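As provided, model30.csv (CSV, C-alpha atoms and all ligand atoms) reads as follows.
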chain,number,residue,atom,x,y,z
A,186,MET,CA,-13.6,14.5,28.4
A,187,ARG,CA,-14.5,12.2,25.5
A,188,LEU,CA,-15.3,14.0,22.3
A,189,ARG,CA,-18.1,12.4,20.3
A,190,CYS,CA,-18.8,11.9,16.6
A,191,ARG,CA,-21.2,14.5,15.2
A,192,ILE,CA,-22.9,11.9,13.1
A,193,CYS,CA,-23.4,8.9,15.4
A,194,GLY,CA,-22.2,9.9,18.9
A,195,GLU,CA,-19.4,7.3,19.0
A,196,ARG,CA,-16.0,8.3,20.4
A,197,ALA,CA,-14.4,10.8,18.1
A,198,VAL,CA,-10.9,10.1,16.6
A,199,ALA,CA,-10.3,13.3,14.5
A,200,ARG,CA,-11.8,16.5,13.2
A,201,ALA,CA,-12.3,16.6,9.5
A,202,GLY,CA,-13.5,18.6,6.5
A,203,PRO,CA,-14.1,22.3,6.1
A,204,GLY,CA,-16.6,22.2,9.0
A,205,ARG,CA,-13.9,20.6,11.2
A,206,ARG,CA,-16.5,18.1,12.5
A,207,TYR,CA,-15.6,15.5,15.1
A,208,LEU,CA,-15.8,12.0,13.5
A,209,CYS,CA,-15.6,8.5,14.9
A,210,ALA,CA,-13.4,5.8,13.2
A,211,ARG,CA,-16.2,4.6,10.9
A,212,HIS,CA,-17.3,8.0,9.8
A,213,TYR,CA,-13.7,9.2,9.4
A,214,LEU,CA,-13.0,6.3,7.0
A,215,GLU,CA,-16.1,7.2,5.0
A,216,HIS,CA,-15.1,10.9,4.9
A,217,PHE,CA,-11.6,10.1,3.7
A,218,GLU,CA,-12.9,7.7,1.0
A,219,ARG,CA,-15.4,10.3,-0.2
A,220,ARG,CA,-12.6,12.9,-0.4
A,221,VAL,CA,-10.6,10.6,-2.6
A,222,ALA,CA,-13.6,9.7,-4.8
A,223,LYS,CA,-14.2,13.4,-5.3
A,224,THR,CA,-10.6,13.9,-6.4
A,225,VAL,CA,-10.9,11.0,-8.8
A,226,GLU,CA,-14.1,12.5,-10.3
A,227,LYS,CA,-12.9,16.1,-10.3
A,228,TYR,CA,-9.8,15.4,-12.3
A,229,ARG,CA,-11.3,12.3,-14.1
A,230,LEU,CA,-8.4,10.3,-13.0
A,231,LEU,CA,-9.8,6.9,-14.0
A,232,ARG,CA,-11.0,7.9,-17.4
A,233,GLY,CA,-10.2,5.0,-19.8
A,234,VAL,CA,-8.5,3.0,-17.0
A,235,ARG,CA,-9.4,-0.7,-16.8
A,236,ARG,CA,-6.2,-2.0,-15.4
A,237,LEU,CA,-4.3,0.2,-12.9
A,238,LEU,CA,-0.7,-0.3,-11.7
A,239,VAL,CA,-0.5,0.8,-8.0
A,240,ALA,CA,3.0,1.7,-6.9
A,241,VAL,CA,3.3,0.8,-3.2
A,242,SER,CA,6.4,1.6,-1.2
A,243,GLY,CA,5.0,0.2,2.1
A,244,GLY,CA,4.8,3.7,3.6
A,245,LYS,CA,1.6,5.2,4.9
A,246,ASP,CA,0.6,7.1,1.7
A,247,SER,CA,0.9,4.2,-0.8
A,248,VAL,CA,-0.7,1.8,1.7
A,249,ALA,CA,-3.6,4.2,2.1
A,250,LEU,CA,-3.7,4.5,-1.7
A,251,LEU,CA,-3.9,0.7,-2.2
A,252,HIS,CA,-6.7,0.3,0.4
A,253,VAL,CA,-8.8,3.2,-0.7
A,254,LEU,CA,-8.6,2.2,-4.4
A,255,HIS,CA,-9.5,-1.3,-3.5
A,256,ARG,CA,-12.4,-0.2,-1.3
A,257,LEU,CA,-13.8,2.3,-3.8
A,258,TYR,CA,-13.2,0.7,-7.2
A,259,ARG,CA,-12.9,-3.1,-6.7
A,260,GLY,CA,-14.7,-4.8,-9.5
A,261,ARG,CA,-14.6,-1.8,-11.7
A,262,VAL,CA,-10.8,-1.3,-12.1
A,263,GLU,CA,-8.3,-4.2,-12.0
A,264,LEU,CA,-5.5,-3.3,-9.6
A,265,VAL,CA,-2.0,-4.7,-10.0
A,266,GLY,CA,0.5,-3.9,-7.3
A,267,LEU,CA,4.2,-3.0,-7.8
A,268,THR,CA,6.8,-2.6,-5.2
A,269,ILE,CA,10.5,-1.8,-5.9
A,270,ASP,CA,13.3,-3.0,-3.7
A,271,LEU,CA,15.6,0.0,-3.9
A,272,GLY,CA,18.5,-1.7,-2.1
A,273,ILE,CA,18.6,0.8,0.8
A,274,GLU,CA,20.1,-1.0,3.7
A,275,GLY,CA,17.9,-1.4,6.8
A,276,TYR,CA,15.1,0.3,5.0
A,277,SER,CA,14.1,-1.4,1.7
A,278,THR,CA,13.7,-4.9,3.1
A,279,PRO,CA,11.0,-4.0,5.7
A,280,GLN,CA,9.4,-1.6,3.2
A,281,VAL,CA,9.0,-4.4,0.6
A,282,GLU,CA,7.7,-6.7,3.3
A,283,PHE,CA,5.0,-4.2,4.4
A,284,ALA,CA,3.9,-3.7,0.8
A,285,ARG,CA,3.7,-7.4,0.3
A,286,ARG,CA,1.6,-7.9,3.4
A,287,ASN,CA,-0.9,-5.4,2.1
A,288,PHE,CA,-1.1,-6.9,-1.4
A,289,GLU,CA,-1.6,-10.4,0.2
A,290,ALA,CA,-4.2,-9.2,2.7
A,291,LEU,CA,-6.3,-7.7,-0.1
A,292,GLY,CA,-5.6,-10.5,-2.6
A,293,ILE,CA,-4.1,-8.1,-5.2
A,294,ASP,CA,-1.7,-9.4,-7.8
A,295,TYR,CA,1.7,-7.8,-7.5
A,296,ARG,CA,5.2,-7.6,-8.7
A,297,VAL,CA,8.4,-7.0,-6.7
A,298,VAL,CA,11.2,-5.6,-8.7
A,299,GLY,CA,14.7,-5.7,-7.1
A,300,LEU,CA,17.0,-3.1,-8.5
A,301,ALA,CA,20.1,-5.1,-7.7
A,302,GLU,CA,18.8,-8.3,-9.3
A,303,GLU,CA,17.3,-6.6,-12.4
A,304,TYR,CA,19.7,-3.8,-13.1
A,305,GLY,CA,22.8,-4.4,-11.1
A,306,PHE,CA,22.8,-1.4,-8.8
A,307,THR,CA,21.1,0.0,-5.7
A,308,ILE,CA,20.2,3.4,-4.4
A,309,ASP,CA,22.9,2.9,-1.7
A,310,LEU,CA,25.5,2.6,-4.5
A,311,ALA,CA,24.1,5.6,-6.2
A,312,SER,CA,24.5,7.5,-3.0
A,313,ARG,CA,28.1,6.3,-2.3
A,314,ARG,CA,29.0,7.3,-5.9
A,315,ARG,CA,26.9,10.4,-6.2
A,316,ARG,CA,29.8,12.3,-7.8
A,317,LEU,CA,30.0,9.7,-10.5
A,318,VAL,CA,26.3,9.7,-11.2
A,319,ARG,CA,26.3,13.5,-10.9
A,320,ARG,CA,22.9,13.7,-9.3
A,321,PRO,CA,21.6,13.9,-5.8
A,322,THR,CA,20.4,10.5,-4.4
A,323,CYS,CA,16.8,11.6,-4.1
A,324,SER,CA,16.8,12.6,-7.8
A,325,VAL,CA,18.3,9.2,-8.8
A,326,CYS,CA,15.7,7.5,-6.8
A,327,GLY,CA,12.9,9.4,-8.5
A,328,ILE,CA,14.2,8.6,-11.9
A,329,VAL,CA,14.6,5.0,-11.0
A,330,LYS,CA,11.1,4.6,-9.6
A,331,ARG,CA,9.4,6.4,-12.6
A,332,TYR,CA,11.4,4.2,-15.0
A,333,VAL,CA,10.5,0.9,-13.3
A,334,MET,CA,6.9,1.9,-12.9
A,335,ASN,CA,6.5,2.8,-16.5
A,336,ARG,CA,8.3,-0.3,-17.7
A,337,ILE,CA,6.1,-2.6,-15.5
A,338,ALA,CA,3.0,-0.7,-16.5
A,339,ILE,CA,3.7,-1.5,-20.1
A,340,GLU,CA,4.6,-5.1,-19.3
A,341,VAL,CA,1.3,-5.8,-17.4
A,342,GLY,CA,-0.8,-3.7,-19.9
A,343,ALA,CA,-1.8,-1.1,-17.3
A,344,ASP,CA,-3.7,1.9,-18.6
A,345,ALA,CA,-2.3,4.1,-15.9
A,346,ILE,CA,0.0,4.2,-12.8
A,347,ALA,CA,-1.2,5.4,-9.4
A,348,THR,CA,1.2,6.8,-6.9
A,349,GLY,CA,0.6,7.9,-3.3
A,350,HIS,CA,1.7,11.5,-3.6
A,351,ASN,CA,-0.4,13.5,-1.1
A,352,LEU,CA,-1.3,17.2,-0.8
A,353,ASP,CA,1.7,17.8,1.4
A,354,ASP,CA,4.0,16.4,-1.2
A,355,LEU,CA,2.4,18.2,-4.2
A,356,SER,CA,2.1,21.6,-2.5
A,357,LEU,CA,5.7,21.3,-1.4
A,358,PHE,CA,6.9,20.2,-4.9
A,359,THR,CA,4.9,22.9,-6.7
A,360,LEU,CA,6.3,25.6,-4.5
A,361,MET,CA,9.9,24.4,-4.8
A,362,SER,CA,9.7,24.0,-8.6
A,363,ILE,CA,8.3,27.6,-8.9
A,364,ALA,CA,11.0,29.0,-6.5
A,365,GLN,CA,13.7,27.2,-8.5
A,366,GLY,CA,12.3,28.0,-11.9
A,367,ARG,CA,11.8,24.4,-12.9
A,368,ILE,CA,8.8,24.9,-15.1
A,369,ASP,CA,9.1,21.6,-16.9
A,370,ASP,CA,8.8,19.8,-13.5
A,371,LEU,CA,6.0,22.1,-12.4
A,372,VAL,CA,3.7,21.3,-15.2
A,373,LYS,CA,3.9,17.6,-14.4
A,374,LEU,CA,2.7,18.0,-10.9
A,375,VAL,CA,-0.9,17.7,-11.9
A,376,PRO,CA,-3.3,15.0,-10.5
A,377,ARG,CA,-3.1,13.2,-13.9
A,378,THR,CA,-0.4,13.3,-16.5
A,379,GLU,CA,-1.5,12.2,-20.0
A,380,LYS,CA,0.0,9.5,-22.2
A,381,MET,CA,3.0,10.7,-24.2
A,382,GLY,CA,4.5,8.2,-26.5
A,383,ALA,CA,5.4,5.2,-24.4
A,384,LEU,CA,4.9,7.1,-21.2
A,385,VAL,CA,1.9,5.6,-19.4
A,386,PRO,CA,-0.4,8.2,-17.7
A,387,ARG,CA,0.3,8.7,-14.0
A,388,ILE,CA,-2.5,9.5,-11.5
A,389,ARG,CA,-2.4,10.8,-7.9
A,390,PRO,CA,-5.7,10.0,-6.3
A,391,LEU,CA,-4.4,11.3,-2.9
A,392,ALA,CA,-3.6,14.8,-4.3
A,393,LEU,CA,-6.2,16.5,-2.2
A,394,VAL,CA,-5.7,14.7,1.1
A,395,SER,CA,-2.9,15.6,3.5
A,396,GLY,CA,-0.3,13.3,5.0
A,397,LYS,CA,-2.0,13.6,8.4
A,398,GLU,CA,-5.2,12.3,6.8
A,399,THR,CA,-3.6,9.4,5.1
A,400,LEU,CA,-1.8,8.5,8.3
A,401,THR,CA,-5.1,8.6,10.3
A,402,TYR,CA,-6.7,6.5,7.6
A,403,VAL,CA,-4.2,3.7,7.7
A,404,VAL,CA,-4.0,3.7,11.5
A,405,LEU,CA,-7.8,3.4,11.6
A,406,LEU,CA,-7.8,0.6,9.0
A,407,GLY,CA,-5.2,-1.2,11.0
A,408,ALA,CA,-3.2,-1.7,7.8
A,409,PRO,CA,0.5,-2.6,8.3
A,410,PHE,CA,2.8,0.2,7.1
A,411,HIS,CA,6.4,1.2,7.4
A,412,HIS,CA,6.9,4.4,9.2
A,413,GLU,CA,10.6,5.3,9.1
A,414,ASN,CA,12.6,8.1,7.5
A,415,CYS,CA,14.7,7.1,4.4
A,416,PRO,CA,18.3,7.3,5.5
A,417,HIS,CA,19.1,9.3,2.3
A,418,ALA,CA,16.4,11.9,2.9
A,419,PRO,CA,18.2,15.2,3.8
A,420,SER,CA,17.3,16.3,7.4
A,421,ASP,CA,18.1,19.9,6.7
A,422,GLY,CA,18.0,22.3,3.7
A,423,LEU,CA,15.2,23.8,1.7
A,424,ARG,CA,12.9,20.8,1.5
A,425,PRO,CA,12.4,19.9,5.1
A,426,GLU,CA,12.4,23.6,6.1
A,427,LEU,CA,9.7,24.4,3.6
A,428,SER,CA,7.8,21.4,4.6
A,429,ALA,CA,7.8,22.4,8.3
A,430,MET,CA,6.8,26.0,7.2
A,431,LEU,CA,3.8,24.7,5.2
A,432,GLU,CA,2.7,22.7,8.2
A,433,ARG,CA,2.8,25.8,10.5
A,434,LEU,CA,1.0,27.8,7.9
A,435,GLU,CA,-1.7,25.1,7.6
A,436,ASP,CA,-2.2,25.2,11.4
A,437,ARG,CA,-3.1,28.9,11.2
A,438,ASN,CA,-4.7,28.9,7.8
A,439,LEU,CA,-6.6,25.7,7.4
A,440,GLU,CA,-6.6,24.3,3.9
A,441,PHE,CA,-4.0,26.7,2.7
A,442,ARG,CA,-2.1,23.9,0.9
A,443,LYS,CA,-5.3,22.8,-0.8
A,444,MET,CA,-6.1,26.3,-2.0
A,445,MET,CA,-2.6,26.8,-3.3
A,446,TYR,CA,-2.3,23.5,-5.0
A,447,THR,CA,-5.7,23.4,-6.7
A,448,ASN,CA,-5.2,27.0,-7.9
A,449,ILE,CA,-1.8,26.2,-9.4
A,450,VAL,CA,-3.3,23.1,-11.1
A,451,SER,CA,-6.4,24.9,-12.4
A,452,ASN,CA,-5.2,28.4,-13.0
A,453,LEU,CA,-1.5,28.5,-13.4
A,454,ILE,CA,-0.3,25.3,-15.1
A,455,PRO,CA,-2.8,25.4,-18.0
A,456,ARG,CA,-1.4,28.9,-18.9
A,457,ILE,CA,2.2,27.9,-19.0
A,458,SER,CA,1.8,24.4,-20.5
A,459,ARG,CA,2.6,23.9,-24.1
A,460,PRO,CA,2.5,20.8,-26.2
A,461,ASP,CA,5.8,19.3,-25.2
A,462,ASP,CA,7.8,18.2,-28.2
A,463,LYS,CA,10.7,16.9,-26.2
A,464,ALA,CA,10.0,14.7,-23.3
A,465,GLY,CA,8.9,11.1,-24.0
A,466,THR,CA,8.8,11.4,-27.7
A,467,GLY,CA,12.3,10.0,-28.3
A,468,THR,CA,13.3,6.5,-27.7
A,469,CYS,CA,16.3,5.3,-25.7
A,470,THR,CA,18.7,3.5,-28.1
A,471,ILE,CA,19.7,1.1,-25.2
A,472,CYS,CA,16.5,0.1,-23.6
A,473,GLY,CA,13.8,1.3,-26.0
A,474,MET,CA,12.0,3.3,-23.3
A,475,PRO,CA,11.0,7.0,-23.7
A,476,ALA,CA,14.0,9.4,-23.7
A,477,SER,CA,14.6,13.1,-24.4
A,478,GLY,CA,18.0,12.4,-25.8
A,479,LYS,CA,19.6,9.3,-27.4
A,480,ILE,CA,20.0,7.5,-24.0
A,481,CYS,CA,17.4,7.8,-21.2
A,482,SER,CA,18.3,9.1,-17.8
A,483,PHE,CA,17.9,5.7,-16.3
A,484,CYS,CA,20.3,4.0,-18.6
A,485,ARG,CA,22.8,6.8,-18.1
A,486,ILE,CA,22.7,6.3,-14.4
A,487,ARG,CA,22.8,2.5,-14.7
A,488,MET,CA,25.8,2.7,-17.0
A,489,ARG,CA,27.7,5.0,-14.7
A,490,LEU,CA,27.1,2.7,-11.8
A,491,THR,CA,27.7,-0.7,-13.4
A,492,GLU,CA,30.2,-0.1,-16.2
A,493,HIS,CA,32.6,2.3,-14.6
A,494,PRO,CA,35.8,0.8,-13.2
A,495,LYS,CA,35.5,0.5,-9.4
A,496,ILE,CA,39.0,1.5,-8.6
A,497,GLY,CA,39.3,4.9,-7.0
A,498,VAL,CA,35.6,5.4,-6.9
A,499,GLU,CA,34.4,4.2,-3.5
B,52,MET,CA,-6.7,17.1,42.3
B,53,PRO,CA,-3.0,16.9,41.1
B,54,ASP,CA,-1.5,20.2,39.9
B,55,THR,CA,0.2,18.6,36.9
B,56,VAL,CA,-0.5,15.9,34.4
B,57,ARG,CA,2.5,13.7,33.6
B,58,VAL,CA,2.8,12.1,30.2
B,59,ARG,CA,5.4,10.2,28.4
B,60,VAL,CA,5.4,10.7,24.6
B,61,ARG,CA,7.1,8.6,22.0
B,62,VAL,CA,7.7,10.3,18.6
B,63,ILE,CA,7.8,8.1,15.6
B,64,PRO,CA,9.9,7.9,13.4
B,65,GLY,CA,12.9,8.3,15.5
B,66,GLY,CA,11.6,6.9,18.7
B,67,ARG,CA,12.4,10.1,20.7
B,68,LEU,CA,10.9,9.9,24.2
B,69,GLU,CA,9.7,13.0,26.0
B,70,ASP,CA,8.4,13.2,29.6
B,71,LEU,CA,6.2,16.2,29.9
B,72,GLU,CA,4.4,17.8,32.8
B,73,LEU,CA,1.2,19.6,31.6
B,74,GLU,CA,-1.3,21.7,33.4
B,75,PRO,CA,-4.6,19.9,34.2
B,76,GLY,CA,-7.0,20.5,31.4
B,77,SER,CA,-4.3,20.7,28.8
B,78,LYS,CA,-5.3,19.5,25.4
B,79,VAL,CA,-3.6,17.3,22.8
B,80,ALA,CA,-2.9,20.5,20.9
B,81,ASP,CA,-1.0,21.9,23.9
B,82,MET,CA,1.1,18.7,24.2
B,83,VAL,CA,2.0,18.9,20.5
B,84,GLU,CA,3.0,22.5,20.9
B,85,ARG,CA,5.2,21.7,23.8
B,86,LEU,CA,7.0,19.2,21.6
B,87,GLY,CA,7.6,22.0,19.1
B,88,LEU,CA,5.6,20.3,16.4
B,89,ALA,CA,2.8,21.5,14.1
B,90,LEU,CA,-0.7,20.0,14.6
B,91,SER,CA,-1.0,19.6,10.8
B,92,GLY,CA,2.1,17.5,10.8
B,93,VAL,CA,1.2,14.9,13.4
B,94,VAL,CA,-1.3,12.2,14.5
B,95,VAL,CA,-1.5,11.6,18.2
B,96,LEU,CA,-2.4,8.2,19.4
B,97,ARG,CA,-3.5,6.8,22.8
B,98,ASP,CA,-3.7,3.0,23.0
B,99,GLY,CA,-3.2,2.9,19.3
B,100,SER,CA,-6.2,5.1,18.5
B,101,PRO,CA,-6.1,8.6,17.1
B,102,LEU,CA,-7.2,11.5,19.2
B,103,PRO,CA,-8.8,14.8,18.1
B,104,GLU,CA,-6.6,17.8,19.0
B,105,ASP,CA,-8.9,19.2,21.6
B,106,GLU,CA,-9.2,16.0,23.6
B,107,VAL,CA,-8.0,16.6,27.2
B,108,VAL,CA,-4.7,15.0,28.0
B,109,GLU,CA,-4.7,12.4,30.8
B,110,GLU,CA,-1.7,10.9,32.7
B,111,GLY,CA,0.0,8.1,30.8
B,112,GLU,CA,1.6,7.3,27.5
B,113,TYR,CA,1.0,8.8,24.1
B,114,THR,CA,2.5,8.2,20.6
B,115,VAL,CA,3.0,11.0,18.2
B,116,LEU,CA,3.3,9.9,14.5
B,117,LEU,CA,4.9,12.4,12.2
B,118,ALA,CA,3.2,12.8,8.9
B,119,ALA,CA,6.2,14.2,7.0
B,120,SER,CA,7.9,10.9,6.7
B,121,GLY,CA,7.5,7.5,5.1
B,122,GLY,CA,6.2,7.4,1.6
A,501,ZN,ZN,-19.7,8.3,13.8
A,502,ZN,ZN,17.2,3.5,-21.5
Could I get this file's structure written as structure tokens?
Ligand SMILES: [Zn+2]
Ligand SMILES: [Zn+2]
Amino acid sequence: MRLRCRICGERAVARAGPGRRYLCARHYLEHFERRVAKTVEKYRLLRGVRRLLVAVSGGKDSVALLHVLHRLYRGRVELVGLTIDLGIEGYSTPQVEFARRNFEALGIDYRVVGLAEEYGFTIDLASRRRRLVRRPTCSVCGIVKRYVMNRIAIEVGADAIATGHNLDDLSLFTLMSIAQGRIDDLVKLVPRTEKMGALVPRIRPLALVSGKETLTYVVLLGAPFHHENCPHAPSDGLRPELSAMLERLEDRNLEFRKMMYTNIVSNLIPRISRPDDKAGTGTCTICGMPASGKICSFCRIRMRLTEHPKIGVE
Amino acid sequence: MPDTVRVRVRVIPGGRLEDLELEPGSKVADMVERLGLALSGVVVLRDGSPLPEDEVVEEGEYTVLLAASGG
């Protein structure tokens, strides 16, 4: 049996949309791009954005993000790429390489920031010394990425930063932050965060497409992407379990995640948000970037990893 | 007509290889279920091209890409 595209009769590659129609490669690409364009319009993600920093890890989502933005907004929004070499052995080098290949293929200007070269530490080091940094490695990695993205966005004069967070990520993160009572984190999980002091707005154009959809998109485009698990990602515990549970739920209740996430964004977050007087309004006395205290989280991590005596730590 | 359809499936990331024997007429969705995975969490490829979940499985090799990985 060969299933056929409902629009043109070519061989089908996937079912898509609320109608679960069969689509061929060409019509799937169109469908995906339309979904992203709708998200951009719905949440006005590109309002006031002339230059956009696109954070690309080299994985499927950020590669999809780069291509879809290029295909939809080329000529209207200037894209600048950023990839960060996190210094994770056996993982970061190929990741950066995949990111680079995509920037080059599309002719997009880009920066590569090496954590080791620029700041004197790596995520591997943060993991080996996690008792010293007093944070789980994934949390360090998140802080580091947000810091570097913001810094480079300011340097290149970008009006916003785009990241490849998809619906799977955002529905999982919102659920976890509700369950764990992290309301300050929850209110930031919107498709667009606004400028706050020196914090550049962050946008998530893939907020309403799933990981399955971004994966299908990059496969169909034939774009090179890195498809490995980060060695520091926990293979058990709440996060992977909840993620598997949401996938199961999605199988039975199509578009459950989209319903949950869009309702949280439209109906819950506005009610619990208040003008935040803490985050981003202070300035780090060391690096001058936004901080909630005297020293920003990034500088605290960096100091613990680079200024602490090595003896007895490894 | 053979009474089973033999397939070899590679799961990425990880590279796990599974040899499965499926009933004739089994669909991609049945194969994914046999692997203990959720359809919403995978893209199934044959010769590098994605397949809809109700495509009938034929003998040969398949690749299953897990969506919950990478970045
Ligand atoms: Zn078609
Ligand atoms: Zn600082």
Selection near Thr55 of chain B, 7 Å with all atoms listed in the file, sequence-local residues under 3 positions removed, as a PyMOL selection string: chain B and resi 72-75
Mind writing the picked residues with C-alpha atoms as a PDB file, in the coordinates of the input?
ATOM      1  CA  GLU B  72       4.400  17.800  32.800  1.00  0.00           C
ATOM      2  CA  LEU B  73       1.200  19.600  31.600  1.00  0.00           C
ATOM      3  CA  GLU B  74      -1.300  21.700  33.400  1.00  0.00           C
ATOM      4  CA  PRO B  75      -4.600  19.900  34.200  1.00  0.00           C
TER       5      PRO B  75
END
Shell of 8 Å around Glu110 of chain B, only C-alpha atoms, local chain residues under 4 positions omitted, as number ranges by chain: B: 56-58
If we count only C-alpha atoms, which residues of chain B reach to within 10 Å of chain A? Please list them as a PDB file with C-alpha atoms, in the frame of the given file.
ATOM      1  CA  ILE B  63       7.800   8.100  15.600  1.00  0.00           C
ATOM      2  CA  PRO B  64       9.900   7.900  13.400  1.00  0.00           C
ATOM      3  CA  GLY B  65      12.900   8.300  15.500  1.00  0.00           C
ATOM      4  CA  GLY B  66      11.600   6.900  18.700  1.00  0.00           C
ATOM      5  CA  GLY B  76      -7.000  20.500  31.400  1.00  0.00           C
ATOM      6  CA  LEU B  88       5.600  20.300  16.400  1.00  0.00           C
ATOM      7  CA  ALA B  89       2.800  21.500  14.100  1.00  0.00           C
ATOM      8  CA  LEU B  90      -0.700  20.000  14.600  1.00  0.00           C
ATOM      9  CA  SER B  91      -1.000  19.600  10.800  1.00  0.00           C
ATOM     10  CA  GLY B  92       2.100  17.500  10.800  1.00  0.00           C
ATOM     11  CA  VAL B  93       1.200  14.900  13.400  1.00  0.00           C
ATOM     12  CA  VAL B  94      -1.300  12.200  14.500  1.00  0.00           C
ATOM     13  CA  VAL B  95      -1.500  11.600  18.200  1.00  0.00           C
ATOM     14  CA  LEU B  96      -2.400   8.200  19.400  1.00  0.00           C
ATOM     15  CA  GLY B  99      -3.200   2.900  19.300  1.00  0.00           C
ATOM     16  CA  SER B 100      -6.200   5.100  18.500  1.00  0.00           C
ATOM     17  CA  PRO B 101      -6.100   8.600  17.100  1.00  0.00           C
ATOM     18  CA  LEU B 102      -7.200  11.500  19.200  1.00  0.00           C
ATOM     19  CA  PRO B 103      -8.800  14.800  18.100  1.00  0.00           C
ATOM     20  CA  GLU B 104      -6.600  17.800  19.000  1.00  0.00           C
ATOM     21  CA  ASP B 105      -8.900  19.200  21.600  1.00  0.00           C
ATOM     22  CA  GLU B 106      -9.200  16.000  23.600  1.00  0.00           C
ATOM     23  CA  VAL B 107      -8.000  16.600  27.200  1.00  0.00           C
ATOM     24  CA  VAL B 108      -4.700  15.000  28.000  1.00  0.00           C
ATOM     25  CA  GLU B 109      -4.700  12.400  30.800  1.00  0.00           C
ATOM     26  CA  LEU B 116       3.300   9.900  14.500  1.00  0.00           C
ATOM     27  CA  LEU B 117       4.900  12.400  12.200  1.00  0.00           C
ATOM     28  CA  ALA B 118       3.200  12.800   8.900  1.00  0.00           C
ATOM     29  CA  ALA B 119       6.200  14.200   7.000  1.00  0.00           C
ATOM     30  CA  SER B 120       7.900  10.900   6.700  1.00  0.00           C
ATOM     31  CA  GLY B 121       7.500   7.500   5.100  1.00  0.00           C
ATOM     32  CA  GLY B 122       6.200   7.400   1.600  1.00  0.00           C
TER      33      GLY B 122
END
Neighbourhood of ligand ZN 502 (chain A) at 12 Å, counting all atoms listed in the file, reported as number ranges by chain: A: 304, 328-329, 332-333, 335-336, 465, 467-488
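Our summary of the geometry notes that atom CA of Phe441 of chain A is positioned 14.8 Å from atom CA of Gly204 of chain A.
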Please, which residues have at least one atom within 7 Å of an atom of ligand ZN 501 (chain A), using all atoms listed in the file, listed as a compact mmCIF listing (two decimals) with C-alpha atoms, keeping the file's coordinate frame?
# COMPACT_ATOMS: atom_id res chain seq x y z
CA CYS A 190 -18.80 11.90 16.60
CA ARG A 191 -21.20 14.50 15.20
CA ILE A 192 -22.90 11.90 13.10
CA CYS A 193 -23.40 8.90 15.40
CA GLY A 194 -22.20 9.90 18.90
CA GLU A 195 -19.40 7.30 19.00
CA LEU A 208 -15.80 12.00 13.50
CA CYS A 209 -15.60 8.50 14.90
CA ALA A 210 -13.40 5.80 13.20
CA ARG A 211 -16.20 4.60 10.90
CA HIS A 212 -17.30 8.00 9.80
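Going from atom CA of Cys326 of chain A to atom CA of Leu271 of chain A covers 8.0 Å.
Counting from atom CA of Pro321 of chain A, the distance to atom CA of Arg424 of chain A is 13.3 Å.
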Neighbour residues at most 12 Å from (0.8, -2.0, -12.8) (only C-alpha atoms) as number ranges by chain: A: 234-241, 251, 262-269, 293-298, 333-348, 385-387
Just write the chosen residues, C-alpha atoms, as an mmCIF file, in the frame of the given file.
data_model
loop_
_atom_site.group_PDB
_atom_site.id
_atom_site.type_symbol
_atom_site.label_atom_id
_atom_site.label_comp_id
_atom_site.auth_asym_id
_atom_site.auth_seq_id
_atom_site.Cartn_x
_atom_site.Cartn_y
_atom_site.Cartn_z
ATOM 1 C CA VAL A 234 -8.500 3.000 -17.000
ATOM 2 C CA ARG A 235 -9.400 -0.700 -16.800
ATOM 3 C CA ARG A 236 -6.200 -2.000 -15.400
ATOM 4 C CA LEU A 237 -4.300 0.200 -12.900
ATOM 5 C CA LEU A 238 -0.700 -0.300 -11.700
ATOM 6 C CA VAL A 239 -0.500 0.800 -8.000
ATOM 7 C CA ALA A 240 3.000 1.700 -6.900
ATOM 8 C CA VAL A 241 3.300 0.800 -3.200
ATOM 9 C CA LEU A 251 -3.900 0.700 -2.200
ATOM 10 C CA VAL A 262 -10.800 -1.300 -12.100
ATOM 11 C CA GLU A 263 -8.300 -4.200 -12.000
ATOM 12 C CA LEU A 264 -5.500 -3.300 -9.600
ATOM 13 C CA VAL A 265 -2.000 -4.700 -10.000
ATOM 14 C CA GLY A 266 0.500 -3.900 -7.300
ATOM 15 C CA LEU A 267 4.200 -3.000 -7.800
ATOM 16 C CA THR A 268 6.800 -2.600 -5.200
ATOM 17 C CA ILE A 269 10.500 -1.800 -5.900
ATOM 18 C CA ILE A 293 -4.100 -8.100 -5.200
ATOM 19 C CA ASP A 294 -1.700 -9.400 -7.800
ATOM 20 C CA TYR A 295 1.700 -7.800 -7.500
ATOM 21 C CA ARG A 296 5.200 -7.600 -8.700
ATOM 22 C CA VAL A 297 8.400 -7.000 -6.700
ATOM 23 C CA VAL A 298 11.200 -5.600 -8.700
ATOM 24 C CA VAL A 333 10.500 0.900 -13.300
ATOM 25 C CA MET A 334 6.900 1.900 -12.900
ATOM 26 C CA ASN A 335 6.500 2.800 -16.500
ATOM 27 C CA ARG A 336 8.300 -0.300 -17.700
ATOM 28 C CA ILE A 337 6.100 -2.600 -15.500
ATOM 29 C CA ALA A 338 3.000 -0.700 -16.500
ATOM 30 C CA ILE A 339 3.700 -1.500 -20.100
ATOM 31 C CA GLU A 340 4.600 -5.100 -19.300
ATOM 32 C CA VAL A 341 1.300 -5.800 -17.400
ATOM 33 C CA GLY A 342 -0.800 -3.700 -19.900
ATOM 34 C CA ALA A 343 -1.800 -1.100 -17.300
ATOM 35 C CA ASP A 344 -3.700 1.900 -18.600
ATOM 36 C CA ALA A 345 -2.300 4.100 -15.900
ATOM 37 C CA ILE A 346 0.000 4.200 -12.800
ATOM 38 C CA ALA A 347 -1.200 5.400 -9.400
ATOM 39 C CA THR A 348 1.200 6.800 -6.900
ATOM 40 C CA VAL A 385 1.900 5.600 -19.400
ATOM 41 C CA PRO A 386 -0.400 8.200 -17.700
ATOM 42 C CA ARG A 387 0.300 8.700 -14.000
#
